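Everything below concerns the one structure shown next.
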Amino acid sequence: MSDNILISPSILSADFAALGQAVRDIDVAGADMIHIDVMDNHYVPNLTIGPMVVKALRPHSDKPFDVHLMVKPVDGLIPAFIEAGSDIISIHPDSGPHVHRSLQTIKSAGVKAGLVLNPGTPIDVVEPVIDLLDMILVMSVNPGFGGQSFIRSQLTKIEALRGMIERSGRDIILEVDGGVNPITSQDCIAAGATSLVAGSAVFKGAGSYADNIRALRGPVASQVA
Ligand code: DX5
Ligand code: ZN
């Protein structure tokens, strides 16, 4: 089962003076996607990466760019991130006036669309737009910073969303973001997650990037690899 788990290291925890190298390194180390955290000091209290940086990183990996937009208002920025080479763009439902329209904008460009649920966001926001979704991203910390502790109450939300995805019959990635380490990753996988974001655990973990990525997949995957 853990063979199918996607690992999407967040470059938020990488050395920002050498982001291209970081992307190349995690690509070689076995990352399935590259998670890029875009923060605007408005929707969240931090300021990180804009579309120019995403565009500059694009030649450094062929792996999908999993772009997490924590910006408000979001609509004006979506086209720039599409043009920069994003493969998946995930948005928060409270970052614009019409979430369905924002998702339509992403999908109409042939880019995969994700909806992000903060720890305090109920799952009801998903159902009305589920036909547009390629990813549901469950935040297991409040967005804004790397290195926070995993909020365990989100595991029941992951289980509920797993059920909702099964009932929809759609092929939707269920990703978890925040405080994911080799222990909490196993709880997420057991709850039904299919993709894990990890910043600190990959870039600041004890082993090599490859070891750290493997450890997130679980003990069985670590042994056979
Ligand atoms: C938080 C970001 C996360 C963050 C995860 O707002 O969305 O992607 O980088 O960092 P860790 O894995 O350190 O919790
Ligand atoms: Zn993120």
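Each chain in the structure tokens gets a letter, A, B and so on, in the order shown; residues start at 1 in every chain, and ligands are counted from 1 in the order they appear.
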
Test item: residues lying within 9 Å of ligand 1 with only C-alpha atoms and all ligand atoms, as a ChimeraX atom specification: /A:9-13,35-39,44,46,68-70,139-150,176-181,197-204

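Backbone DSSP of region 181-219 of chain A yields alpha helix (DSSP H) at Thr184, Ser185, Gln186, Asp187, Cys188, Ile189, Ala190, Ala191, Ser200, Ala201, Val202, Phe203, Tyr209, Ala210, Asp211, Asn212, Ile213, Arg214, Ala215, Leu216, Arg217 and Pro219 of chain A.
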
Polymer residues at most 10 Å from Pro93 (chain A), only C-alpha atoms, same-chain spacing of 5 or more positions, as a PyMOL selection string: chain A and resi 74+98-100+102-103+115-118+121+125-126

Expected file: the selected residues, C-alpha atoms, as an mmCIF file, in the first residue's frame:
```cif
data_model
loop_
_atom_site.group_PDB
_atom_site.id
_atom_site.type_symbol
_atom_site.label_atom_id
_atom_site.label_comp_id
_atom_site.auth_asym_id
_atom_site.auth_seq_id
_atom_site.Cartn_x
_atom_site.Cartn_y
_atom_site.Cartn_z
ATOM 1 C CA VAL A 74 -6.105 34.436 -5.196
ATOM 2 C CA HIS A 98 -16.018 32.301 -5.912
ATOM 3 C CA VAL A 99 -14.100 29.107 -5.299
ATOM 4 C CA HIS A 100 -15.867 27.232 -8.110
ATOM 5 C CA SER A 102 -11.229 29.853 -9.381
ATOM 6 C CA LEU A 103 -11.083 26.078 -9.813
ATOM 7 C CA LEU A 115 -8.773 22.447 -2.697
ATOM 8 C CA VAL A 116 -7.068 23.039 0.666
ATOM 9 C CA LEU A 117 -8.791 22.591 4.014
ATOM 10 C CA ASN A 118 -7.322 24.373 7.026
ATOM 11 C CA THR A 121 -12.351 24.228 7.696
ATOM 12 C CA VAL A 125 -16.764 22.812 1.249
ATOM 13 C CA VAL A 126 -15.615 19.863 -0.869
#
```

Pick from A:Pro73, A:Gly205, A:Gly114, A:Pro122 nearest to ligand 2, counting only C-alpha atoms and all ligand atoms: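 With only C-alpha atoms and all ligand atoms as the atom set, the closest residue is A:Gly114.
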
Shell of 10 Å around Ile136 (chain A), only C-alpha atoms, local chain residues under 4 positions omitted, as a list in words: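 Result of the neighbour search: Ser90, Ile91, Ala113, Gly114, Leu115, Val116, Leu117, Val126, Ile130, Ile158, Leu161, Arg162, Ile165, Ile172, Ile173, Leu174, Glu175, Val176, Ala193 and Ser195 of chain A.
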
Option closest in space to Arg167 (chain A), from A:Asp131, A:Ala84, A:Arg152, A:Ala206 [counting only C-alpha atoms]: A:Asp131

Straight-line distance linking CA of Asp15 (chain A) with CA of Ser185 (chain A), stated in Å to one decimal: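 Between these atoms lies a distance of 23.6 Å.
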
One-decimal distance in Å that lies between CA of Met33 (chain A) and CA of Ala191 (chain A):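 Distance between the two atoms: 21.0 Å.
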
Interatomic distance, CA of Gly218 (chain A) to CA of Asp187 (chain A) (Å, one decimal): 10.2 Å

Those of region 24-69 of chain A in DSSP strand (DSSP E), formatted as a ChimeraX atom specification: /A:34-39,65-69

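In terms of minimum interatomic distance to Pro45 (chain A), A:Val71 ranks closest within A:Val71, A:Ile7, A:Leu133, A:Val28, counting only C-alpha atoms.
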
Closest of A:Gly110, A:Gly76, A:Gly192, A:Pro182 to Gly163 (chain A) - atom-to-atom distances counting only C-alpha atoms: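 Answer, going by the shortest atom-to-atom distance: A:Gly192.
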
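With only C-alpha atoms and all ligand atoms as the atoms that count, the residue of A:Phe65, A:Phe16, A:Phe81, A:Tyr209 with the shortest distance to ligand 2 is A:Phe65.
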